[in-house]
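Colleague: Take a look at the following structure, please.
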Amino acid sequence: MIIFIKRQLYIFLFFISFSITSQEKTTTVANISKTIQNYYDGYIHRDLEKLEKAFDLEHGTMKVPIVKDNKVIGFKNRYFKEVVPKWGNRKKLPKTTLENCALHILNIDIVDNTIASAKISMKVDTIIYIDILSLNKIKGLWKITNKIYTVRK
């Protein structure tokens, strides 16, 4: 009888811990998704406030292709603190272009609830950006700390 009770207790504790872990992961995915959504909304609506919520403006960087003779010959780092204000202050997109925009989060991979990577597809009119994003939890908030991308037309 005691063995049966112990086994039942172990099974109960296993399911409780699994449930808590599952809830924590769901919350983390939702928070990372919100950061990515802020990036997308900020980018297409030229909303500097949302962009600033999404990116690590202190240390974050993105890889930008170096193009020579229509060929990518390398990459250089651009800091988000330089790039984000430019994105936020661009000319507003027309309504017809905004209607032809879409965000698809293709994958999110989380490690120890402190770092994550995400692969997204961001359609802006006729251009599709495929981004690989690195995210870190900074002061309790998920921020995009690194970005590489490719463009499909």
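Following the order of the structure tokens, chains are lettered A, B, ..., residues in each are numbered from 1, and ligands are numbered from 1.
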For Gly140 in chain A, please output as a list of chain:residue names all residues within 12 Å (counting only C-alpha atoms; exclusion window: fewer than 4 positions along the same chain).
Modeller: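 Listing them by chain and then by number gives A:Thr28, A:Asn31, A:Ile32, A:Asn113, A:Thr114, A:Ile115, A:Asn136.
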Colleague: So that I can check the surroundings of Asn107 in chain A, please list as a PDB file with all heavy atoms, in the first residue's frame every protein, DNA and RNA residue that reaches within 10 Å of it, counting only C-alpha atoms and ignoring chain neighbours fewer than 3 positions away.
Modeller:
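Output below, filename part.pdb:
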```pdb
ATOM      1  N   HIS A 104       5.175  36.409 -40.238  1.00  0.00           N
ATOM      2  CA  HIS A 104       5.040  34.995 -39.892  1.00  0.00           C
ATOM      3  C   HIS A 104       6.238  34.614 -39.024  1.00  0.00           C
ATOM      4  O   HIS A 104       7.386  34.738 -39.476  1.00  0.00           O
ATOM      5  CB  HIS A 104       4.997  34.096 -41.128  1.00  0.00           C
ATOM      6  CG  HIS A 104       3.845  34.387 -42.032  1.00  0.00           C
ATOM      7  ND1 HIS A 104       2.562  34.021 -41.740  1.00  0.00           N
ATOM      8  CD2 HIS A 104       3.787  35.040 -43.210  1.00  0.00           C
ATOM      9  CE1 HIS A 104       1.756  34.428 -42.706  1.00  0.00           C
ATOM     10  NE2 HIS A 104       2.483  35.056 -43.606  1.00  0.00           N
ATOM     11  N   SER A 117      16.338  32.263 -29.976  1.00  0.00           N
ATOM     12  CA  SER A 117      16.506  32.623 -31.385  1.00  0.00           C
ATOM     13  C   SER A 117      15.147  32.486 -32.046  1.00  0.00           C
ATOM     14  O   SER A 117      14.307  31.688 -31.614  1.00  0.00           O
ATOM     15  CB  SER A 117      17.548  31.735 -32.071  1.00  0.00           C
ATOM     16  OG  SER A 117      17.106  30.399 -32.103  1.00  0.00           O
ATOM     17  N   ALA A 118      14.943  33.291 -33.063  1.00  0.00           N
ATOM     18  CA  ALA A 118      13.677  33.235 -33.799  1.00  0.00           C
ATOM     19  C   ALA A 118      13.968  33.409 -35.276  1.00  0.00           C
ATOM     20  O   ALA A 118      14.858  34.169 -35.668  1.00  0.00           O
ATOM     21  CB  ALA A 118      12.726  34.327 -33.314  1.00  0.00           C
ATOM     22  N   LYS A 119      13.209  32.715 -36.077  1.00  0.00           N
ATOM     23  CA  LYS A 119      13.261  32.867 -37.532  1.00  0.00           C
ATOM     24  C   LYS A 119      11.906  33.410 -37.951  1.00  0.00           C
ATOM     25  O   LYS A 119      10.868  32.845 -37.585  1.00  0.00           O
ATOM     26  CB  LYS A 119      13.535  31.530 -38.204  1.00  0.00           C
ATOM     27  CG  LYS A 119      13.610  31.594 -39.712  1.00  0.00           C
ATOM     28  CD  LYS A 119      13.917  30.214 -40.279  1.00  0.00           C
ATOM     29  CE  LYS A 119      13.942  30.218 -41.779  1.00  0.00           C
ATOM     30  NZ  LYS A 119      14.174  28.845 -42.299  1.00  0.00           N
ATOM     31  N   ILE A 120      11.926  34.544 -38.680  1.00  0.00           N
ATOM     32  CA  ILE A 120      10.669  35.159 -39.097  1.00  0.00           C
ATOM     33  C   ILE A 120      10.684  35.455 -40.586  1.00  0.00           C
ATOM     34  O   ILE A 120      11.741  35.594 -41.201  1.00  0.00           O
ATOM     35  CB  ILE A 120      10.371  36.456 -38.308  1.00  0.00           C
ATOM     36  CG1 ILE A 120      11.365  37.566 -38.644  1.00  0.00           C
ATOM     37  CG2 ILE A 120      10.348  36.190 -36.817  1.00  0.00           C
ATOM     38  CD1 ILE A 120      10.976  38.940 -38.123  1.00  0.00           C
ATOM     39  N   SER A 121       9.492  35.548 -41.135  1.00  0.00           N
ATOM     40  CA  SER A 121       9.287  36.012 -42.501  1.00  0.00           C
ATOM     41  C   SER A 121       8.439  37.267 -42.395  1.00  0.00           C
ATOM     42  O   SER A 121       7.347  37.238 -41.833  1.00  0.00           O
ATOM     43  CB  SER A 121       8.561  34.938 -43.322  1.00  0.00           C
ATOM     44  OG  SER A 121       8.206  35.441 -44.592  1.00  0.00           O
ATOM     45  N   ILE A 132      16.817  36.103 -39.044  1.00  0.00           N
ATOM     46  CA  ILE A 132      17.190  35.251 -37.916  1.00  0.00           C
ATOM     47  C   ILE A 132      17.539  36.214 -36.791  1.00  0.00           C
ATOM     48  O   ILE A 132      18.443  37.045 -36.929  1.00  0.00           O
ATOM     49  CB  ILE A 132      18.404  34.345 -38.236  1.00  0.00           C
ATOM     50  CG1 ILE A 132      18.182  33.544 -39.518  1.00  0.00           C
ATOM     51  CG2 ILE A 132      18.722  33.455 -37.031  1.00  0.00           C
ATOM     52  CD1 ILE A 132      17.127  32.484 -39.455  1.00  0.00           C
TER      53      ILE A 132
END
```
Colleague: Identify, on the basis of only C-alpha atoms, every residue whose closest approach to range 59-76 of chain A does not exceed 7 Å; exclude the query and any residue fewer than 5 positions from it along the same chain; express the result as a PyMOL selection string.
Modeller: chain A and resi 145-148
Colleague: Using only C-alpha atoms, can you tell me which of A:Asn89, A:Tyr129, A:Glu58, A:Val124 comes closest to Ile44 in chain A?
Modeller: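 Closest to Ile44 in chain A of all the choices is A:Val124.
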Colleague: Quick one: pick out all alpha helix (DSSP H) residues within range 3-135 of chain A from a backbone DSSP run and write them as a ChimeraX atom specification.
Modeller: /A:3-45,48-54,80-88,95-98
Colleague: So that I have them on file, write out the residues from the current selection with C-alpha atoms, as an mmCIF file, in the first residue's frame.
Modeller:
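Written output follows (selection-v4.cif):
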```
data_model
loop_
_atom_site.group_PDB
_atom_site.id
_atom_site.type_symbol
_atom_site.label_atom_id
_atom_site.label_comp_id
_atom_site.auth_asym_id
_atom_site.auth_seq_id
_atom_site.Cartn_x
_atom_site.Cartn_y
_atom_site.Cartn_z
ATOM 1 C CA ILE A 3 4.556 1.688 -2.436
ATOM 2 C CA PHE A 4 1.312 2.398 -4.289
ATOM 3 C CA ILE A 5 0.892 5.753 -2.493
ATOM 4 C CA LYS A 6 4.519 6.717 -3.200
ATOM 5 C CA ARG A 7 4.084 5.870 -6.889
ATOM 6 C CA GLN A 8 0.889 7.920 -7.075
ATOM 7 C CA LEU A 9 2.643 10.822 -5.344
ATOM 8 C CA TYR A 10 5.546 10.681 -7.831
ATOM 9 C CA ILE A 11 3.137 10.647 -10.766
ATOM 10 C CA PHE A 12 1.205 13.570 -9.296
ATOM 11 C CA LEU A 13 4.393 15.601 -8.709
ATOM 12 C CA PHE A 14 5.612 14.826 -12.232
ATOM 13 C CA PHE A 15 2.419 16.167 -13.794
ATOM 14 C CA ILE A 16 2.442 19.267 -11.584
ATOM 15 C CA SER A 17 6.046 20.095 -12.529
ATOM 16 C CA PHE A 18 5.320 19.395 -16.214
ATOM 17 C CA SER A 19 2.302 21.708 -16.063
ATOM 18 C CA ILE A 20 4.285 24.530 -14.444
ATOM 19 C CA THR A 21 7.114 24.155 -16.982
ATOM 20 C CA SER A 22 4.623 24.145 -19.837
ATOM 21 C CA GLN A 23 2.899 27.303 -18.546
ATOM 22 C CA GLU A 24 6.257 29.070 -18.140
ATOM 23 C CA LYS A 25 7.272 28.171 -21.714
ATOM 24 C CA THR A 26 3.915 29.401 -23.052
ATOM 25 C CA THR A 27 4.405 32.733 -21.264
ATOM 26 C CA THR A 28 7.980 33.028 -22.558
ATOM 27 C CA VAL A 29 6.916 32.315 -26.146
ATOM 28 C CA ALA A 30 4.155 34.927 -25.814
ATOM 29 C CA ASN A 31 6.625 37.529 -24.502
ATOM 30 C CA ILE A 32 9.130 36.819 -27.287
ATOM 31 C CA SER A 33 6.319 36.943 -29.851
ATOM 32 C CA LYS A 34 5.260 40.336 -28.473
ATOM 33 C CA THR A 35 8.829 41.630 -28.924
ATOM 34 C CA ILE A 36 8.833 40.388 -32.520
ATOM 35 C CA GLN A 37 5.379 41.911 -33.097
ATOM 36 C CA ASN A 38 6.691 45.258 -31.789
ATOM 37 C CA TYR A 39 9.549 45.015 -34.293
ATOM 38 C CA TYR A 40 7.147 44.293 -37.164
ATOM 39 C CA ASP A 41 4.558 46.915 -36.186
ATOM 40 C CA GLY A 42 7.240 49.492 -35.530
ATOM 41 C CA TYR A 43 8.893 48.795 -38.862
ATOM 42 C CA ILE A 44 5.805 48.933 -41.089
ATOM 43 C CA HIS A 45 4.081 51.781 -39.211
ATOM 44 C CA LEU A 48 9.811 54.515 -33.072
ATOM 45 C CA GLU A 49 8.325 53.672 -29.649
ATOM 46 C CA LYS A 50 7.531 50.086 -30.670
ATOM 47 C CA LEU A 51 10.924 49.667 -32.328
ATOM 48 C CA GLU A 52 12.626 50.860 -29.143
ATOM 49 C CA LYS A 53 10.652 48.265 -27.153
ATOM 50 C CA ALA A 54 11.834 45.504 -29.480
ATOM 51 C CA PHE A 80 20.493 49.228 -33.608
ATOM 52 C CA LYS A 81 20.990 52.589 -31.886
ATOM 53 C CA GLU A 82 21.904 53.933 -35.373
ATOM 54 C CA VAL A 83 19.427 51.930 -37.470
ATOM 55 C CA VAL A 84 16.232 52.026 -35.385
ATOM 56 C CA PRO A 85 15.819 55.846 -35.448
ATOM 57 C CA LYS A 86 16.162 55.746 -39.255
ATOM 58 C CA TRP A 87 13.467 53.059 -39.514
ATOM 59 C CA GLY A 88 11.168 54.980 -37.188
ATOM 60 C CA LYS A 95 -2.448 52.185 -46.890
ATOM 61 C CA THR A 96 -2.294 49.963 -49.987
ATOM 62 C CA THR A 97 1.241 48.895 -49.065
ATOM 63 C CA LEU A 98 0.281 48.276 -45.427
#
```
Colleague: Just checking: using only C-alpha atoms, which residue out of A:Thr126, A:Ala116, A:Lys139, A:Arg90 ends up closest to Ala102 in chain A?
Modeller: A:Thr126
Colleague: Please determine, counting only C-alpha atoms, which residue among A:Asp112, A:Cys101, A:Ile144, A:Tyr149 has the shortest atom-to-atom distance to Ile127 in chain A.
Modeller: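 Smallest separation from Ile127 in chain A among the options: A:Cys101.
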